[in-house]
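Below is one structure, written out as C-alpha cells; comments come after it.
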Amino acid sequence: MEIRQTTYTLNDITLHVAEAGGKADQVVLFLHGFPEGGYAWRRQLLYFAAKGYRAVAPDQRGYNLSSKPQGVKAYTMEHLAADVAALIRQLTQDKVYLVGHDWGGVVAWAVAQQYPDLLEKLVILNIPHPQVISAQLHSNPRQMLRSWYAGFFQLPWLPERVCRAFNYKLMERSMVISARKNTFSPNDMACYKKVWQQPHALTSMINWYRAYKYSKLRVTGEIRVPTLLLWGEQDTFLGSEMAQPSIARCRHGQLRFLPGATHWLHHEVPDEVNRLLEAFISPGGNDTGVQG
C-alpha cells in the first residue's frame, strides 16, 4: 500500500492531497490542524486504505504545497469550509466520513453545520465545538491563559519573525514539550520544517488565526451528523472540561476520553485512535454515550 500525491483545483485555488486506497472506495477525509499539514495523518491513511477505504488528507489552503492566497480574509471559515465541500464533491458522489483535529476540527464542525448532506459521520479530535470554546475564552481564565498564542498571532509580522527564528525553534519546541516523550522524531520535525519553509506558508498559516474574527460562518445550534469526539486528557492547550458541553451539542454523539494522550493523540496512540475511529464509522457504530 502506498500514499499517492495529487492536486485538486477548486474555488480558484489548488489543494495538494495525499491519499491511499481505491478510488471507488468510501472516502475518509482527514483535516489537519496547526502547524502540521496532511503529513499529520500518514498513520491513518495507510491503516484505513488497508481496511478498504479511500483515505484522503489535503494540505488545506495556506499549507505546504497548496495555494496560499494573499490577505487575511482569504482564510475565513466560509472559505475553509467551502474548500472541503468542493473537495468532497470532486472525490465522490457519496457521503464521506470527515475527521478533523485542532483547526481541522474547527473546519469539520463548520462543514457539518453548513454542508451536512455531504457527510455520513463526523469525527473530531481535541477541539471543542466553536460555541463552547468561545464561551470559555470569555469566562475561564485558565483557558484564556492556555490560548495566549491566539492573541499573539493577531499582531502583524512579529509572529512570523518569532516563529521563524533559530530554524523554527519555538514552533518545534511547542510541539515537542506538549506531546509525550519521543512522539515527534527528528525526521518528523524535518518534514514539518519543510512545510513551514514553503514560500508565504508561515503567514498563510497564521492568517487562519487572524481571519477568524472576520468569519461570517459561525457554528451555532445542534450538529445533526452522527459525531464522535476523541479527547486526549493531557492536552495543554485545551481543557477537557470543554469536551462534554461540545458533544452535548450533537444530536447523535459519542465522547471518548484517552487518559494518557495529549493534544497530539493521533501521533501518540495511533492504534487506539484508528480502532475507535474504525468502530465508529463501521455499520452499527452510532451508539451514543460518554466513556473514559
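Ordering of the C-alpha cells sets the chain letters (A, B, ...), residue numbers begin anew at 1 in every chain, and ligands are numbered from 1 in the order given.
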Query raised in the report: Skipping near chain neighbours, those fewer than 5 positions away, what residues fall within 8 Å of Thr227 in chain A using only C-alpha atoms, listed as a list in words?
Result: Lys121, Leu122, Val123, Ile124, Ile247, Cys250, His252, Gly253 and Gln254 of chain A
Just write the chosen residues, all heavy atoms, as a tab-separated table (two decimals), in the first residue's frame.
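Just written: part-v3.tsv:
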chain	number	residue	atom	x	y	z
A	121	LYS	N	-20.65	10.64	8.64
A	121	LYS	CA	-20.35	10.78	10.06
A	121	LYS	C	-19.21	11.77	10.23
A	121	LYS	O	-18.44	12.04	9.29
A	121	LYS	CB	-19.98	9.43	10.69
A	121	LYS	CG	-21.14	8.44	10.73
A	121	LYS	CD	-20.72	7.11	11.36
A	121	LYS	CE	-21.88	6.12	11.35
A	121	LYS	NZ	-21.50	4.80	11.91
A	122	LEU	N	-19.08	12.27	11.46
A	122	LEU	CA	-18.09	13.28	11.80
A	122	LEU	C	-17.26	12.78	12.98
A	122	LEU	O	-17.82	12.26	13.96
A	122	LEU	CB	-18.79	14.58	12.17
A	122	LEU	CG	-17.94	15.74	12.71
A	122	LEU	CD1	-17.07	16.31	11.61
A	122	LEU	CD2	-18.85	16.83	13.29
A	123	VAL	N	-15.93	12.95	12.89
A	123	VAL	CA	-15.04	12.61	14.00
A	123	VAL	C	-14.17	13.82	14.30
A	123	VAL	O	-13.52	14.36	13.40
A	123	VAL	CB	-14.16	11.39	13.69
A	123	VAL	CG1	-13.28	11.06	14.90
A	123	VAL	CG2	-15.01	10.18	13.30
A	124	ILE	N	-14.15	14.23	15.57
A	124	ILE	CA	-13.39	15.40	16.00
A	124	ILE	C	-12.35	14.96	17.02
A	124	ILE	O	-12.66	14.21	17.96
A	124	ILE	CB	-14.32	16.45	16.64
A	124	ILE	CG1	-15.41	16.90	15.65
A	124	ILE	CG2	-13.51	17.64	17.14
A	124	ILE	CD1	-14.91	17.70	14.48
A	247	ILE	N	-19.99	17.72	23.01
A	247	ILE	CA	-20.75	16.58	22.50
A	247	ILE	C	-22.24	16.74	22.80
A	247	ILE	O	-23.10	16.19	22.11
A	247	ILE	CB	-20.20	15.24	23.05
A	247	ILE	CG1	-20.50	14.10	22.06
A	247	ILE	CG2	-20.73	14.93	24.42
A	247	ILE	CD1	-19.81	14.23	20.72
A	250	CYS	N	-24.44	17.83	19.94
A	250	CYS	CA	-24.60	16.89	18.82
A	250	CYS	C	-25.83	16.01	19.08
A	250	CYS	O	-25.98	15.46	20.17
A	250	CYS	CB	-23.36	16.01	18.68
A	250	CYS	SG	-21.82	16.94	18.46
A	252	HIS	N	-26.57	13.09	17.79
A	252	HIS	CA	-26.13	11.70	17.98
A	252	HIS	C	-24.64	11.74	18.24
A	252	HIS	O	-23.84	11.75	17.31
A	252	HIS	CB	-26.44	10.86	16.75
A	252	HIS	CG	-27.87	10.90	16.33
A	252	HIS	ND1	-28.88	10.28	17.03
A	252	HIS	CD2	-28.47	11.53	15.27
A	252	HIS	CE1	-30.04	10.49	16.43
A	252	HIS	NE2	-29.82	11.24	15.36
A	253	GLY	N	-24.25	11.79	19.50
A	253	GLY	CA	-22.85	12.00	19.83
A	253	GLY	C	-22.26	10.95	20.74
A	253	GLY	O	-22.93	10.40	21.62
A	254	GLN	N	-20.99	10.65	20.52
A	254	GLN	CA	-20.20	9.81	21.41
A	254	GLN	C	-18.96	10.59	21.84
A	254	GLN	O	-18.35	11.29	21.02
A	254	GLN	CB	-19.73	8.53	20.71
A	254	GLN	CG	-20.81	7.58	20.27
A	254	GLN	CD	-20.21	6.32	19.67
A	254	GLN	OE1	-19.24	5.78	20.20
A	254	GLN	NE2	-20.77	5.86	18.57
Counting only C-alpha atoms, which residues of range 156-246 of chain A fall within 12 Å of range 128-139 of chain A, and what is the closest atom pair for each with its distance in Å at one decimal, ordered by chain and rising number, as JSON lines?
{"residue": "A:Tyr212", "atom": "CA", "partner": "A:Pro130", "partner_atom": "CA", "distance": 11.0}
{"residue": "A:Lys213", "atom": "CA", "partner": "A:Ser134", "partner_atom": "CA", "distance": 11.3}
{"residue": "A:Leu217", "atom": "CA", "partner": "A:Pro130", "partner_atom": "CA", "distance": 11.0}
{"residue": "A:Arg218", "atom": "CA", "partner": "A:Pro130", "partner_atom": "CA", "distance": 7.9}
{"residue": "A:Val219", "atom": "CA", "partner": "A:Pro130", "partner_atom": "CA", "distance": 6.2}
{"residue": "A:Thr220", "atom": "CA", "partner": "A:Gln131", "partner_atom": "CA", "distance": 6.5}
{"residue": "A:Gly221", "atom": "CA", "partner": "A:Gln131", "partner_atom": "CA", "distance": 8.7}
{"residue": "A:Glu222", "atom": "CA", "partner": "A:His129", "partner_atom": "CA", "distance": 10.1}
{"residue": "A:Ile223", "atom": "CA", "partner": "A:His129", "partner_atom": "CA", "distance": 9.5}
{"residue": "A:Thr227", "atom": "CA", "partner": "A:His129", "partner_atom": "CA", "distance": 11.3}
{"residue": "A:Leu228", "atom": "CA", "partner": "A:Pro128", "partner_atom": "CA", "distance": 11.9}
{"residue": "A:Leu229", "atom": "CA", "partner": "A:Pro128", "partner_atom": "CA", "distance": 8.8}
{"residue": "A:Leu230", "atom": "CA", "partner": "A:Pro128", "partner_atom": "CA", "distance": 10.3}
{"residue": "A:Trp231", "atom": "CA", "partner": "A:Pro128", "partner_atom": "CA", "distance": 9.4}
{"residue": "A:Phe237", "atom": "CA", "partner": "A:Pro128", "partner_atom": "CA", "distance": 11.4}
{"residue": "A:Leu238", "atom": "CA", "partner": "A:Pro128", "partner_atom": "CA", "distance": 8.2}
{"residue": "A:Gly239", "atom": "CA", "partner": "A:Pro128", "partner_atom": "CA", "distance": 9.2}
{"residue": "A:Ser240", "atom": "CA", "partner": "A:Pro128", "partner_atom": "CA", "distance": 9.0}
{"residue": "A:Glu241", "atom": "CA", "partner": "A:Pro128", "partner_atom": "CA", "distance": 9.6}
{"residue": "A:Met242", "atom": "CA", "partner": "A:Pro128", "partner_atom": "CA", "distance": 6.0}
{"residue": "A:Ala243", "atom": "CA", "partner": "A:Pro128", "partner_atom": "CA", "distance": 6.1}
{"residue": "A:Gln244", "atom": "CA", "partner": "A:Pro128", "partner_atom": "CA", "distance": 9.0}
{"residue": "A:Pro245", "atom": "CA", "partner": "A:Val132", "partner_atom": "CA", "distance": 6.8}
{"residue": "A:Ser246", "atom": "CA", "partner": "A:His129", "partner_atom": "CA", "distance": 4.9}
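The environment of range 167-170 of chain A within 12 Å, counting only C-alpha atoms and disregarding residues fewer than 6 places along the same chain, consists of A:Pro35, A:Tyr149, A:Pro159, A:Glu160, A:Arg161, A:Val176, A:Ile177, A:Met189, A:Ala190, A:Tyr192, A:Lys193, A:Lys194, A:Val195, A:Trp196, A:Gln197, A:Leu202.
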Convert the current residue selection to file output with N, CA, C and O atoms, as an mmCIF file, in the first residue's frame.
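Written output follows (result.cif):
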data_model
loop_
_atom_site.group_PDB
_atom_site.id
_atom_site.type_symbol
_atom_site.label_atom_id
_atom_site.label_comp_id
_atom_site.auth_asym_id
_atom_site.auth_seq_id
_atom_site.Cartn_x
_atom_site.Cartn_y
_atom_site.Cartn_z
ATOM 1 N N PRO A 35 0.420 23.214 13.538
ATOM 2 C CA PRO A 35 1.001 23.722 12.281
ATOM 3 C C PRO A 35 1.440 22.568 11.385
ATOM 4 O O PRO A 35 2.581 22.541 10.928
ATOM 5 N N TYR A 149 -1.377 32.282 22.777
ATOM 6 C CA TYR A 149 -0.742 32.400 21.459
ATOM 7 C C TYR A 149 -1.723 32.884 20.398
ATOM 8 O O TYR A 149 -1.314 33.526 19.422
ATOM 9 N N PRO A 159 4.677 37.722 14.773
ATOM 10 C CA PRO A 159 4.584 36.273 14.980
ATOM 11 C C PRO A 159 5.393 35.471 13.959
ATOM 12 O O PRO A 159 6.038 34.478 14.320
ATOM 13 N N GLU A 160 5.376 35.902 12.713
ATOM 14 C CA GLU A 160 6.166 35.205 11.693
ATOM 15 C C GLU A 160 7.662 35.257 12.030
ATOM 16 O O GLU A 160 8.367 34.247 11.921
ATOM 17 N N ARG A 161 8.115 36.424 12.450
ATOM 18 C CA ARG A 161 9.538 36.565 12.755
ATOM 19 C C ARG A 161 9.932 35.692 13.944
ATOM 20 O O ARG A 161 10.975 35.034 13.926
ATOM 21 N N VAL A 176 6.986 19.625 20.703
ATOM 22 C CA VAL A 176 7.684 18.561 21.416
ATOM 23 C C VAL A 176 7.328 18.540 22.895
ATOM 24 O O VAL A 176 7.039 17.477 23.469
ATOM 25 N N ILE A 177 7.297 19.710 23.553
ATOM 26 C CA ILE A 177 7.063 19.716 25.002
ATOM 27 C C ILE A 177 5.604 19.507 25.360
ATOM 28 O O ILE A 177 5.295 19.154 26.494
ATOM 29 N N MET A 189 10.155 16.282 12.513
ATOM 30 C CA MET A 189 10.366 17.719 12.588
ATOM 31 C C MET A 189 10.987 18.247 11.304
ATOM 32 O O MET A 189 10.667 19.367 10.872
ATOM 33 N N ALA A 190 11.840 17.463 10.670
ATOM 34 C CA ALA A 190 12.402 17.885 9.387
ATOM 35 C C ALA A 190 11.308 18.027 8.336
ATOM 36 O O ALA A 190 11.310 18.973 7.535
ATOM 37 N N TYR A 192 8.100 18.687 8.956
ATOM 38 C CA TYR A 192 7.298 19.860 9.292
ATOM 39 C C TYR A 192 8.018 21.146 8.909
ATOM 40 O O TYR A 192 7.381 22.098 8.414
ATOM 41 N N LYS A 193 9.313 21.202 9.095
ATOM 42 C CA LYS A 193 10.048 22.413 8.742
ATOM 43 C C LYS A 193 10.009 22.663 7.232
ATOM 44 O O LYS A 193 9.999 23.814 6.790
ATOM 45 N N LYS A 194 9.950 21.604 6.445
ATOM 46 C CA LYS A 194 9.783 21.784 5.003
ATOM 47 C C LYS A 194 8.437 22.423 4.688
ATOM 48 O O LYS A 194 8.306 23.240 3.772
ATOM 49 N N VAL A 195 7.407 22.039 5.460
ATOM 50 C CA VAL A 195 6.084 22.651 5.309
ATOM 51 C C VAL A 195 6.153 24.133 5.656
ATOM 52 O O VAL A 195 5.638 24.993 4.926
ATOM 53 N N TRP A 196 6.795 24.460 6.758
ATOM 54 C CA TRP A 196 6.852 25.841 7.232
ATOM 55 C C TRP A 196 7.719 26.724 6.348
ATOM 56 O O TRP A 196 7.534 27.950 6.298
ATOM 57 N N GLN A 197 8.679 26.110 5.647
ATOM 58 C CA GLN A 197 9.604 26.868 4.809
ATOM 59 C C GLN A 197 9.055 27.186 3.429
ATOM 60 O O GLN A 197 9.691 27.934 2.672
ATOM 61 N N LEU A 202 4.153 30.468 6.265
ATOM 62 C CA LEU A 202 4.006 30.825 7.668
ATOM 63 C C LEU A 202 2.950 31.908 7.856
ATOM 64 O O LEU A 202 2.086 31.814 8.745
#
Query raised in the report: Which polymer residues have any atom within 12 Å of an atom of range 260-264 of chain A, counting only C-alpha atoms, with same-chain residues fewer than 5 positions away left out, as an MDAnalysis selection string?
Result: chainID A and resid 32:36 40:41 101:103 124:128 174:184 230:240 269:270 272:273 292
Requested in this report: Taking the DSSP assignment computed from this structure's backbone, write out as an MDAnalysis selection string all residues of range 193-225 of chain A that belong to alpha helix (DSSP H).
Outcome: chainID A and resid 193:196 201:211
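If you look at CA of Lys23 in chain A and CA of Tyr39 in chain A, they are 20.0 Å away from each other.
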Report task. Extract, using only C-alpha atoms, all DNA, RNA and protein residues at most 10 Å from Tyr53 in chain A, discarding same-chain residues fewer than 6 positions from it, and format them as a ChimeraX atom specification. Result -> /A:20-28,45-47
Query - Of the listed residues A:His16, A:Arg275, A:Arg210, A:Arg173, that which approaches Leu155 in chain A most closely, counting only C-alpha atoms - result: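 The answer is A:Arg210, which sits nearest to Leu155 in chain A.
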Report task. Using DSSP on the backbone, list every residue of range 79-119 of chain A that comes out as strand (DSSP E), and give them as a list in words. Result ->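 In range 79-119 of chain A, DSSP puts these residues in strand (DSSP E): Val96, Tyr97, Leu98, Val99, Gly100, His101 and Leu119 of chain A.
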Query raised in the report: Of the candidates A:His266, A:Ala279, A:Arg256, A:Ala248, which shows the shortest atom-to-atom distance to Gly100 in chain A, using only C-alpha atoms?
Result: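 Among A:His266, A:Ala279, A:Arg256, A:Ala248, it is A:His266 that comes nearest to Gly100 in chain A.
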Query - Residue with smallest distance to Arg54 in chain A - pool A:Glu278, A:Gln93, A:Glu19, A:Arg251, counting only C-alpha atoms - result: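 With only C-alpha atoms as the atom set, the closest residue is A:Glu19.
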